[in-house]
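Encoded as structure tokens, the structure appears first; notes follow it.
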Amino acid sequence: MVLIRTIDVSPSMVNCSCAWASDYQQLSGLYHCPHTGAVITRTATLDGFEEDESHTVAFMKDSLSSLNSYGYSPHPLYAYLAWIQELLEKGLSPKPFIISITESSAERLSEMLVTIQQFRASNSTWRSRIAVEFNSSCPNIKGHPPPSYHLPSLKPYLDVFAKAFQDDSTLTIGLKLPPYIITTQFHDLIECISSYTRTDSGNPTNPIAYFTCTNTLGNSLVFADQTPTPDAKTDTSPFAVPPGLGGLAGEAIHALSLGNVYTFSRLLAESDDPAMREIVIIGAGGVTSPEAVRRMNRAGARIVGCATLLGKEGVRAFEILSGNL
Ligand SMILES: Cc1cc2nc3c(=O)[nH]c(=O)nc-3n(C[C@H](O)[C@H](O)[C@H](O)COP(=O)(O)O)c2cc1C
């Protein structure tokens, strides 16, 4: 069991926000799976993302890896709140939900948070069972590079979360980070997050309760003949996904994701800021076996998550990761 601020994640395994946590059926399957300790939704926006045929995913043939060109969920925030309400009202499991959210501006993100806070306030038992994760790292949005690669763009969003946390410190807030590759990127992000630590009520507290490391690696290219169904694709395009470029995930990024988890866990543990030392890491990226789960834990992840394996195996993925299959 891992307690992240007010949410209790037990067992310490989750699905990552992804296309297989998109609709009611998928969320219900994840909620009822005994091997997940929390359900993370696909990233929602206020009104839903306009999805077309160019937004898709392909698996690779020689490794348990994926390339996807998806943006965010086509389902708007209110659809997720209605589905979560339905599942929570059935009351079959004490499992928490983490709503992954993002928006094109800090103002719109603020609207989303107000709506989520009203929803949490509408039932006292839901408060400690609904958290939010800010997806600051999707590499596939045209004209909107991931703000977590450019901290001046990230700060207005963090200001919104800081304000929401100041108003209600029971809100558990996570930050979904991209794979970083340069030492200064890790240090700069830590310094940026630490600047939000406040000591107003005695104990130093940071609005951010956890990091999820990592999102997919953007600008990756996979050809159609690297997928299990090359013929179906080569008729229309030489690429695995229509735009060509997409976000790489699965085994192909495992070493990089481990490196990110390891670096952040050391920097957090060594931080002079006690609030930073409280931040939990959810490790994701190429978690496809019980050995990979152990590697994530050794690197410093207290909770481990997967997306690509979920896409390949359905909820059976979590049985595989638990070592039960
Ligand atoms: C098809 C697909 C869709 C994804 N959609 C989202 C998303 O909506 N929000 C998000 O934060 N991450 C998204 N991700 C990234 C995953 O949450 C995860 O960070 C990444 O895939 C690494 O984990 P994996 O190697 O187990 O796939 C997506 C990944 C895949 C493969």
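If you're wondering about the labels, chains in the structure tokens are A, B, ... by order shown, residues count from 1 in each chain, ligands from 1 in order shown.
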
Return as a ChimeraX atom specification every polymer residue, whether protein, DNA or RNA, with at least one atom no more than 6 Å from an atom of ligand 1; count only C-alpha atoms and all ligand atoms. /A:16-19,42-43,57,66,68,72,135,176,214-216,249-250,284-287,306-309

Excluding same-chain residues fewer than 6 positions from range 85-91 of chain A, what lies within 10 Å of it counting only C-alpha atoms, as a list in words? Tyr24, Leu27, Ser28, Tyr31, His32, Ala79, Phe97, Phe119, Asn123, Thr125, Trp126 and Arg129 of chain A

Dump all heavy atoms for the selected residues as a short mmCIF file (atom, residue, chain, number, x, y, z; two decimals), in the first residue's frame?
```cif
data_model
loop_
_atom_site.label_atom_id
_atom_site.label_comp_id
_atom_site.auth_asym_id
_atom_site.auth_seq_id
_atom_site.Cartn_x
_atom_site.Cartn_y
_atom_site.Cartn_z
N TYR A 24 -16.24 4.07 -20.59
CA TYR A 24 -16.80 3.48 -19.36
C TYR A 24 -16.41 2.02 -19.19
O TYR A 24 -16.01 1.59 -18.11
CB TYR A 24 -18.34 3.62 -19.36
CG TYR A 24 -18.97 2.98 -18.15
CD1 TYR A 24 -18.98 3.64 -16.92
CD2 TYR A 24 -19.50 1.70 -18.22
CE1 TYR A 24 -19.52 3.04 -15.79
CE2 TYR A 24 -20.05 1.09 -17.09
CZ TYR A 24 -20.06 1.76 -15.88
OH TYR A 24 -20.57 1.16 -14.76
N LEU A 27 -12.78 1.70 -18.12
CA LEU A 27 -12.57 2.16 -16.74
C LEU A 27 -13.17 1.16 -15.75
O LEU A 27 -12.59 0.88 -14.69
CB LEU A 27 -13.18 3.55 -16.54
CG LEU A 27 -12.50 4.67 -17.35
CD1 LEU A 27 -13.27 5.97 -17.21
CD2 LEU A 27 -11.05 4.87 -16.92
N SER A 28 -14.31 0.60 -16.12
CA SER A 28 -14.95 -0.38 -15.25
C SER A 28 -14.06 -1.62 -15.11
O SER A 28 -13.87 -2.15 -14.01
CB SER A 28 -16.32 -0.74 -15.84
OG SER A 28 -16.90 -1.77 -15.11
N TYR A 31 -11.25 -0.75 -12.84
CA TYR A 31 -11.73 -0.54 -11.47
C TYR A 31 -11.96 -1.89 -10.78
O TYR A 31 -11.68 -2.05 -9.59
CB TYR A 31 -13.02 0.26 -11.55
CG TYR A 31 -13.67 0.60 -10.24
CD1 TYR A 31 -13.02 1.38 -9.29
CD2 TYR A 31 -14.98 0.18 -9.95
CE1 TYR A 31 -13.63 1.71 -8.09
CE2 TYR A 31 -15.60 0.51 -8.77
CZ TYR A 31 -14.93 1.28 -7.84
OH TYR A 31 -15.54 1.62 -6.66
N HIS A 32 -12.46 -2.86 -11.53
CA HIS A 32 -12.77 -4.15 -10.93
C HIS A 32 -11.59 -5.12 -10.93
O HIS A 32 -11.69 -6.20 -10.38
CB HIS A 32 -14.00 -4.77 -11.62
CG HIS A 32 -15.24 -3.99 -11.36
ND1 HIS A 32 -15.88 -3.24 -12.32
CD2 HIS A 32 -15.92 -3.76 -10.21
CE1 HIS A 32 -16.92 -2.62 -11.78
NE2 HIS A 32 -16.95 -2.91 -10.51
N ALA A 79 -17.98 13.68 -19.04
CA ALA A 79 -18.25 12.25 -19.27
C ALA A 79 -17.47 11.42 -18.24
O ALA A 79 -18.01 10.46 -17.65
CB ALA A 79 -17.84 11.86 -20.68
N PHE A 97 -9.79 6.98 -8.00
CA PHE A 97 -9.66 7.36 -9.41
C PHE A 97 -8.74 8.57 -9.50
O PHE A 97 -8.84 9.50 -8.69
CB PHE A 97 -11.02 7.78 -10.00
CG PHE A 97 -11.85 6.61 -10.42
CD1 PHE A 97 -12.77 6.05 -9.54
CD2 PHE A 97 -11.71 6.06 -11.69
CE1 PHE A 97 -13.54 4.96 -9.93
CE2 PHE A 97 -12.47 4.97 -12.07
CZ PHE A 97 -13.39 4.42 -11.20
N PHE A 119 -17.27 18.44 -7.84
CA PHE A 119 -17.63 17.01 -7.86
C PHE A 119 -17.13 16.32 -6.59
O PHE A 119 -17.86 15.56 -5.96
CB PHE A 119 -16.98 16.40 -9.11
CG PHE A 119 -17.28 14.94 -9.32
CD1 PHE A 119 -18.54 14.52 -9.71
CD2 PHE A 119 -16.28 13.99 -9.14
CE1 PHE A 119 -18.81 13.17 -9.91
CE2 PHE A 119 -16.54 12.65 -9.34
CZ PHE A 119 -17.81 12.23 -9.73
N ASN A 123 -19.78 14.71 -2.40
CA ASN A 123 -19.95 13.49 -1.60
C ASN A 123 -18.71 13.33 -0.73
O ASN A 123 -17.59 13.20 -1.25
CB ASN A 123 -20.12 12.30 -2.56
CG ASN A 123 -20.32 10.99 -1.82
OD1 ASN A 123 -19.63 10.71 -0.84
ND2 ASN A 123 -21.25 10.19 -2.29
N THR A 125 -17.33 11.00 0.96
CA THR A 125 -16.44 9.83 0.86
C THR A 125 -15.60 9.87 -0.43
O THR A 125 -14.62 9.14 -0.56
CB THR A 125 -17.24 8.50 0.89
OG1 THR A 125 -18.16 8.51 -0.19
CG2 THR A 125 -17.95 8.30 2.20
N TRP A 126 -15.99 10.71 -1.40
CA TRP A 126 -15.25 10.74 -2.66
C TRP A 126 -13.99 11.59 -2.57
O TRP A 126 -13.09 11.46 -3.37
CB TRP A 126 -16.12 11.33 -3.78
CG TRP A 126 -17.29 10.48 -4.11
CD1 TRP A 126 -17.62 9.28 -3.55
CD2 TRP A 126 -18.31 10.78 -5.06
NE1 TRP A 126 -18.77 8.81 -4.10
CE2 TRP A 126 -19.22 9.71 -5.03
CE3 TRP A 126 -18.54 11.84 -5.93
CZ2 TRP A 126 -20.34 9.66 -5.84
CZ3 TRP A 126 -19.65 11.79 -6.74
CH2 TRP A 126 -20.55 10.72 -6.70
N ARG A 129 -10.92 9.86 -2.61
CA ARG A 129 -10.85 8.81 -3.65
C ARG A 129 -10.74 9.39 -5.04
O ARG A 129 -10.73 8.65 -6.02
CB ARG A 129 -12.07 7.89 -3.54
CG ARG A 129 -12.00 7.09 -2.23
CD ARG A 129 -13.18 6.20 -2.06
NE ARG A 129 -13.32 5.29 -3.17
CZ ARG A 129 -14.41 4.57 -3.39
NH1 ARG A 129 -15.45 4.70 -2.60
NH2 ARG A 129 -14.47 3.74 -4.41
#
```

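The nearest approach to Ala240 in chain A among the residues A:Leu268, A:Ser69, A:Ile7, A:Gln25, with only C-alpha atoms taken into account, belongs to A:Ser69.
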
Within 8 Å of range 296-305 of chain A, counting only C-alpha atoms, which residues qualify if same-chain residues fewer than 6 places away don't, as number ranges by chain? A: 2, 12-16, 258-259, 261-262, 265-266, 280-285, 287

Deliver the residues from the most recent selection as a file, using C-alpha atoms, as an mmCIF file, in the first residue's frame.
```
data_model
loop_
_atom_site.group_PDB
_atom_site.id
_atom_site.type_symbol
_atom_site.label_atom_id
_atom_site.label_comp_id
_atom_site.auth_asym_id
_atom_site.auth_seq_id
_atom_site.Cartn_x
_atom_site.Cartn_y
_atom_site.Cartn_z
ATOM 1 C CA VAL A 2 1.230 3.501 -0.834
ATOM 2 C CA SER A 12 0.987 -0.384 -5.678
ATOM 3 C CA MET A 13 0.249 -0.905 -9.359
ATOM 4 C CA VAL A 14 -1.820 1.273 -11.719
ATOM 5 C CA ASN A 15 -2.733 1.629 -15.347
ATOM 6 C CA CYS A 16 -1.175 4.677 -16.951
ATOM 7 C CA LEU A 258 14.264 3.881 -15.511
ATOM 8 C CA GLY A 259 16.961 6.555 -15.785
ATOM 9 C CA VAL A 261 12.846 7.499 -12.217
ATOM 10 C CA TYR A 262 16.324 6.923 -10.765
ATOM 11 C CA SER A 265 14.167 9.746 -6.897
ATOM 12 C CA ARG A 266 17.761 10.664 -5.971
ATOM 13 C CA VAL A 280 6.140 9.885 -4.605
ATOM 14 C CA ILE A 281 7.203 8.537 -8.021
ATOM 15 C CA ILE A 282 4.980 6.395 -10.228
ATOM 16 C CA GLY A 283 7.346 4.601 -12.602
ATOM 17 C CA ALA A 284 6.170 3.933 -16.167
ATOM 18 C CA GLY A 285 7.834 3.095 -19.451
ATOM 19 C CA VAL A 287 6.892 -2.159 -17.631
#
```

Among the residues of range 22-263 of chain A, find those DSSP assigns to strand (DSSP E or B) from the backbone and print them as a ChimeraX atom specification. /A:38-40,44,57-59,65-68,97-101,130-135,173-177,198,205,208-213,217-221,223,239,245-250

File dump, residues just selected, N, CA and C atoms, as a compact mmCIF listing (two decimals), in the first residue's frame:
```txt
# COMPACT_ATOMS: atom_id res chain seq x y z
N ALA A 38 -5.28 1.80 -8.22
CA ALA A 38 -5.98 3.03 -8.58
C ALA A 38 -6.21 2.98 -10.08
N VAL A 39 -7.21 3.74 -10.53
CA VAL A 39 -7.48 3.82 -11.96
C VAL A 39 -7.15 5.23 -12.43
N ILE A 40 -6.32 5.33 -13.45
CA ILE A 40 -6.00 6.65 -14.02
C ILE A 40 -6.71 6.77 -15.36
N ALA A 44 -8.28 13.92 -20.10
CA ALA A 44 -9.50 14.64 -20.49
C ALA A 44 -9.21 16.13 -20.63
N VAL A 57 -2.64 4.03 -32.87
CA VAL A 57 -1.49 3.39 -32.22
C VAL A 57 -1.09 2.15 -33.02
N ALA A 58 0.19 1.85 -33.02
CA ALA A 58 0.69 0.61 -33.64
C ALA A 58 1.65 -0.06 -32.67
N PHE A 59 1.60 -1.38 -32.68
CA PHE A 59 2.57 -2.12 -31.87
C PHE A 59 3.72 -2.55 -32.77
N SER A 65 6.65 -2.92 -27.76
CA SER A 65 6.72 -1.46 -27.79
C SER A 65 5.58 -0.92 -28.65
N SER A 66 5.27 0.36 -28.47
CA SER A 66 4.19 0.96 -29.25
C SER A 66 4.60 2.35 -29.72
N LEU A 67 3.94 2.78 -30.79
CA LEU A 67 4.09 4.16 -31.25
C LEU A 67 2.68 4.70 -31.39
N ASN A 68 2.39 5.84 -30.77
CA ASN A 68 1.03 6.37 -30.92
C ASN A 68 1.03 7.84 -31.33
N PHE A 97 -9.79 6.98 -8.00
CA PHE A 97 -9.66 7.36 -9.41
C PHE A 97 -8.74 8.57 -9.50
N ILE A 98 -7.87 8.55 -10.49
CA ILE A 98 -7.03 9.71 -10.77
C ILE A 98 -7.46 10.22 -12.14
N ILE A 99 -7.96 11.46 -12.17
CA ILE A 99 -8.43 12.02 -13.44
C ILE A 99 -7.27 12.77 -14.08
N SER A 100 -6.83 12.25 -15.23
CA SER A 100 -5.76 12.93 -15.96
C SER A 100 -6.38 14.09 -16.72
N ILE A 101 -5.80 15.27 -16.56
CA ILE A 101 -6.38 16.45 -17.21
C ILE A 101 -5.30 17.30 -17.88
N ILE A 130 -10.63 10.72 -5.13
CA ILE A 130 -10.50 11.34 -6.46
C ILE A 130 -9.31 12.29 -6.45
N ALA A 131 -8.34 12.00 -7.31
CA ALA A 131 -7.14 12.82 -7.42
C ALA A 131 -7.05 13.33 -8.86
N VAL A 132 -6.11 14.23 -9.11
CA VAL A 132 -5.90 14.70 -10.48
C VAL A 132 -4.43 14.53 -10.87
N GLU A 133 -4.23 14.26 -12.15
CA GLU A 133 -2.86 14.18 -12.69
C GLU A 133 -2.79 15.15 -13.86
N PHE A 134 -1.82 16.05 -13.82
CA PHE A 134 -1.69 17.02 -14.91
C PHE A 134 -0.78 16.44 -15.99
N ASN A 135 -1.37 16.18 -17.15
CA ASN A 135 -0.56 15.70 -18.28
C ASN A 135 0.11 16.91 -18.93
N ILE A 173 -2.49 15.97 -6.13
CA ILE A 173 -2.14 16.42 -7.50
C ILE A 173 -0.87 15.71 -7.96
N GLY A 174 -0.94 15.08 -9.12
CA GLY A 174 0.23 14.44 -9.72
C GLY A 174 0.66 15.19 -10.97
N LEU A 175 1.91 15.00 -11.36
CA LEU A 175 2.44 15.66 -12.55
C LEU A 175 3.04 14.59 -13.47
N LYS A 176 2.47 14.52 -14.68
CA LYS A 176 2.97 13.54 -15.65
C LYS A 176 4.09 14.18 -16.44
N LEU A 177 5.28 13.60 -16.33
CA LEU A 177 6.47 14.20 -16.92
C LEU A 177 6.93 13.44 -18.16
N ARG A 198 5.16 25.74 0.37
CA ARG A 198 4.70 26.76 1.31
C ARG A 198 4.73 26.19 2.72
N THR A 205 4.77 22.19 2.73
CA THR A 205 3.97 21.34 1.83
C THR A 205 4.12 21.85 0.41
N ILE A 208 2.38 19.55 -5.35
CA ILE A 208 2.55 18.32 -6.14
C ILE A 208 2.85 17.15 -5.20
N ALA A 209 1.98 16.12 -5.26
CA ALA A 209 2.14 14.96 -4.38
C ALA A 209 2.93 13.84 -5.05
N TYR A 210 2.85 13.78 -6.38
CA TYR A 210 3.60 12.72 -7.06
C TYR A 210 3.99 13.11 -8.48
N PHE A 211 5.03 12.45 -8.98
CA PHE A 211 5.43 12.55 -10.40
C PHE A 211 5.14 11.20 -11.06
N THR A 212 4.62 11.20 -12.27
CA THR A 212 4.62 9.97 -13.07
C THR A 212 5.70 10.13 -14.13
N CYS A 213 6.68 9.23 -14.11
CA CYS A 213 7.81 9.26 -15.05
C CYS A 213 7.88 7.91 -15.74
N LEU A 217 8.12 8.99 -25.67
CA LEU A 217 9.23 9.76 -26.25
C LEU A 217 8.79 10.26 -27.62
N GLY A 218 8.62 11.58 -27.73
CA GLY A 218 8.07 12.17 -28.95
C GLY A 218 9.02 12.12 -30.13
N ASN A 219 8.45 12.43 -31.30
CA ASN A 219 9.24 12.49 -32.54
C ASN A 219 9.95 11.20 -32.89
N SER A 220 9.29 10.09 -32.56
CA SER A 220 9.87 8.79 -32.90
C SER A 220 9.22 8.28 -34.18
N LEU A 221 9.97 7.50 -34.94
CA LEU A 221 9.48 7.00 -36.23
C LEU A 221 9.58 5.48 -36.29
N PHE A 223 8.47 2.31 -39.08
CA PHE A 223 7.93 2.00 -40.40
C PHE A 223 6.91 0.87 -40.32
N PHE A 239 4.44 4.25 -43.12
CA PHE A 239 4.67 4.40 -41.68
C PHE A 239 3.70 3.57 -40.84
N LEU A 245 5.53 10.38 -37.48
CA LEU A 245 6.09 10.58 -36.15
C LEU A 245 5.04 10.38 -35.05
N GLY A 246 5.50 9.89 -33.91
CA GLY A 246 4.58 9.70 -32.78
C GLY A 246 5.35 9.52 -31.49
N GLY A 247 4.63 9.12 -30.46
CA GLY A 247 5.24 8.92 -29.13
C GLY A 247 5.58 7.45 -28.93
N LEU A 248 6.84 7.19 -28.65
CA LEU A 248 7.32 5.81 -28.47
C LEU A 248 7.13 5.39 -27.02
N ALA A 249 6.72 4.13 -26.82
CA ALA A 249 6.50 3.61 -25.46
C ALA A 249 6.81 2.13 -25.43
N GLY A 250 6.76 1.56 -24.24
CA GLY A 250 7.02 0.14 -24.09
C GLY A 250 8.51 -0.13 -23.93
```

Any idea what's packed within 12 Å of Ser104 in chain A, counting only C-alpha atoms, ignoring anything in its chain fewer than 5 positions away? Could you give it as JSON, numbers by chain? {"A": [44, 45, 46, 47, 48, 49, 72, 109, 110, 111, 112, 135, 136, 138, 141, 142, 143, 144, 145, 146, 147, 153, 154, 156, 157]}

To one decimal place, how far is CA of Asp159 in chain A from CA of Thr41 in chain A in Å? 22.9 Å

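Separating CA of Glu103 in chain A from CA of His254 in chain A is a distance of 27.8 Å.
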
Give me the residues of range 188-236 of chain A that have any atom at most 8 Å from an atom of range 272-277 of chain A; for each, the nearest atom pair and the distance in Å, rounded to one decimal. Use only C-alpha atoms, sort by chain and number, and format it as a Markdown table.
```
| residue | atom | partner | partner_atom | distance |
| --- | --- | --- | --- | --- |
| A:Ser194 | CA | A:Met276 | CA | 6.5 |
| A:Thr197 | CA | A:Ala275 | CA | 6.6 |
| A:Pro204 | CA | A:Ala275 | CA | 5.5 |
| A:Thr205 | CA | A:Ala275 | CA | 5.0 |
| A:Asn206 | CA | A:Ala275 | CA | 5.5 |
```

Residue with smallest distance to Gln118 in chain A - pool A:Asn203, A:Ser137, A:Ser73, A:Tyr78, counting only C-alpha atoms: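 Using only C-alpha atoms, Gln118 in chain A sits closest to A:Tyr78.
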
Taking 5 positions as the minimum chain separation for residues in the same chain, which residues sit within 10 Å of Ser63 in chain A when counting only C-alpha atoms? Answer as a PyMOL selection string. chain A and resi 226-227+250-252

Which of A:Ala269, A:Gln117, A:Ala162, A:Ala21 sits closest to Tyr196 in chain A [using only C-alpha atoms]: A:Ala162

Length of the CA of Asn260 in chain A to CA of Pro242 in chain A vector [Å]: 29.2 Å

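Of the residues under consideration (A:Thr36, A:Ser148, A:Ser195, A:Thr115), A:Thr36 shows the shortest atom-to-atom contact distance to Pro94 in chain A when counting only C-alpha atoms.
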
Based on DSSP run over this structure's backbone, return all residues of range 126-192 of chain A in helix (DSSP H, G or I), as a ChimeraX atom specification. /A:127-129,147-149,151-167,183-192

Output the selection as a compact mmCIF listing (two decimals), in the first residue's frame - N, CA, C and O atoms for each residue.
```
# COMPACT_ATOMS: atom_id res chain seq x y z
N ARG A 127 -13.98 12.49 -1.58
CA ARG A 127 -12.86 13.44 -1.47
C ARG A 127 -11.51 12.74 -1.50
O ARG A 127 -10.59 13.17 -2.16
N SER A 128 -11.43 11.65 -0.73
CA SER A 128 -10.14 10.97 -0.62
C SER A 128 -9.99 9.88 -1.67
O SER A 128 -9.08 9.06 -1.62
N ARG A 129 -10.92 9.86 -2.61
CA ARG A 129 -10.85 8.81 -3.65
C ARG A 129 -10.74 9.39 -5.04
O ARG A 129 -10.73 8.65 -6.02
N PRO A 147 4.46 21.42 -22.23
CA PRO A 147 4.97 22.52 -21.39
C PRO A 147 6.09 22.08 -20.44
O PRO A 147 6.91 22.91 -20.05
N SER A 148 6.14 20.80 -20.11
CA SER A 148 7.18 20.39 -19.16
C SER A 148 8.57 20.33 -19.81
O SER A 148 9.56 20.08 -19.12
N TYR A 149 8.66 20.58 -21.13
CA TYR A 149 9.97 20.74 -21.77
C TYR A 149 10.38 22.22 -21.81
O TYR A 149 11.45 22.54 -22.29
N LEU A 151 9.91 25.31 -19.11
CA LEU A 151 9.33 25.66 -17.81
C LEU A 151 8.56 26.98 -17.78
O LEU A 151 7.54 27.05 -17.08
N PRO A 152 8.96 28.02 -18.55
CA PRO A 152 8.12 29.23 -18.54
C PRO A 152 6.70 28.93 -19.02
O PRO A 152 5.75 29.61 -18.61
N SER A 153 6.52 27.92 -19.89
CA SER A 153 5.16 27.55 -20.33
C SER A 153 4.45 26.72 -19.27
O SER A 153 3.21 26.69 -19.20
N LEU A 154 5.22 26.00 -18.46
CA LEU A 154 4.61 25.13 -17.45
C LEU A 154 4.08 25.93 -16.26
O LEU A 154 3.05 25.59 -15.67
N LYS A 155 4.78 27.01 -15.92
CA LYS A 155 4.48 27.73 -14.66
C LYS A 155 3.04 28.24 -14.55
O LYS A 155 2.42 28.08 -13.50
N PRO A 156 2.45 28.83 -15.61
CA PRO A 156 1.06 29.29 -15.46
C PRO A 156 0.11 28.15 -15.07
O PRO A 156 -0.84 28.36 -14.31
N TYR A 157 0.39 26.93 -15.56
CA TYR A 157 -0.45 25.78 -15.18
C TYR A 157 -0.20 25.41 -13.73
O TYR A 157 -1.12 25.11 -12.97
N LEU A 158 1.07 25.41 -13.33
CA LEU A 158 1.40 25.07 -11.94
C LEU A 158 0.79 26.09 -10.99
O LEU A 158 0.35 25.72 -9.89
N ASP A 159 0.73 27.35 -11.42
CA ASP A 159 0.11 28.39 -10.57
C ASP A 159 -1.36 28.02 -10.29
O ASP A 159 -1.84 28.21 -9.17
N VAL A 160 -2.03 27.51 -11.32
CA VAL A 160 -3.44 27.13 -11.16
C VAL A 160 -3.57 25.99 -10.14
O VAL A 160 -4.44 26.01 -9.25
N PHE A 161 -2.68 24.99 -10.24
CA PHE A 161 -2.73 23.88 -9.29
C PHE A 161 -2.38 24.36 -7.88
O PHE A 161 -2.97 23.92 -6.89
N ALA A 162 -1.40 25.26 -7.79
CA ALA A 162 -1.00 25.76 -6.48
C ALA A 162 -2.16 26.48 -5.79
O ALA A 162 -2.41 26.31 -4.60
N LYS A 163 -2.90 27.24 -6.59
CA LYS A 163 -4.06 27.97 -6.04
C LYS A 163 -5.13 26.97 -5.57
O LYS A 163 -5.69 27.11 -4.47
N ALA A 164 -5.40 25.95 -6.40
CA ALA A 164 -6.42 24.95 -6.03
C ALA A 164 -6.00 24.23 -4.75
O ALA A 164 -6.83 23.96 -3.87
N PHE A 165 -4.71 23.96 -4.61
CA PHE A 165 -4.21 23.26 -3.43
C PHE A 165 -4.27 24.16 -2.19
O PHE A 165 -4.57 23.70 -1.09
N GLN A 166 -4.00 25.44 -2.41
CA GLN A 166 -4.07 26.39 -1.30
C GLN A 166 -5.51 26.46 -0.76
O GLN A 166 -5.74 26.51 0.44
N ASP A 167 -6.48 26.39 -1.69
CA ASP A 167 -7.89 26.45 -1.29
C ASP A 167 -8.35 25.15 -0.64
O ASP A 167 -9.31 25.14 0.13
N THR A 183 20.96 16.36 -17.74
CA THR A 183 20.99 16.57 -16.29
C THR A 183 20.30 17.87 -15.88
O THR A 183 19.53 17.89 -14.91
N THR A 184 20.57 18.95 -16.59
CA THR A 184 20.00 20.24 -16.18
C THR A 184 18.47 20.23 -16.26
O THR A 184 17.81 20.94 -15.49
N GLN A 185 17.89 19.41 -17.15
CA GLN A 185 16.43 19.37 -17.23
C GLN A 185 15.83 18.86 -15.91
O GLN A 185 14.82 19.36 -15.43
N PHE A 186 16.48 17.85 -15.31
CA PHE A 186 15.99 17.30 -14.05
C PHE A 186 16.12 18.35 -12.93
O PHE A 186 15.20 18.58 -12.16
N HIS A 187 17.31 18.97 -12.87
CA HIS A 187 17.56 19.97 -11.82
C HIS A 187 16.59 21.15 -11.95
O HIS A 187 16.05 21.63 -10.96
N ASP A 188 16.39 21.61 -13.18
CA ASP A 188 15.52 22.77 -13.39
C ASP A 188 14.08 22.45 -12.98
O ASP A 188 13.39 23.28 -12.38
N LEU A 189 13.62 21.24 -13.32
CA LEU A 189 12.25 20.87 -12.96
C LEU A 189 12.10 20.81 -11.44
O LEU A 189 11.14 21.34 -10.86
N ILE A 190 13.09 20.22 -10.77
CA ILE A 190 13.05 20.11 -9.30
C ILE A 190 13.02 21.52 -8.68
O ILE A 190 12.23 21.79 -7.78
N GLU A 191 13.86 22.39 -9.20
CA GLU A 191 13.92 23.76 -8.65
C GLU A 191 12.57 24.47 -8.86
O GLU A 191 12.06 25.15 -7.97
N CYS A 192 12.02 24.27 -10.05
CA CYS A 192 10.73 24.90 -10.38
C CYS A 192 9.63 24.40 -9.42
O CYS A 192 8.88 25.20 -8.85
```
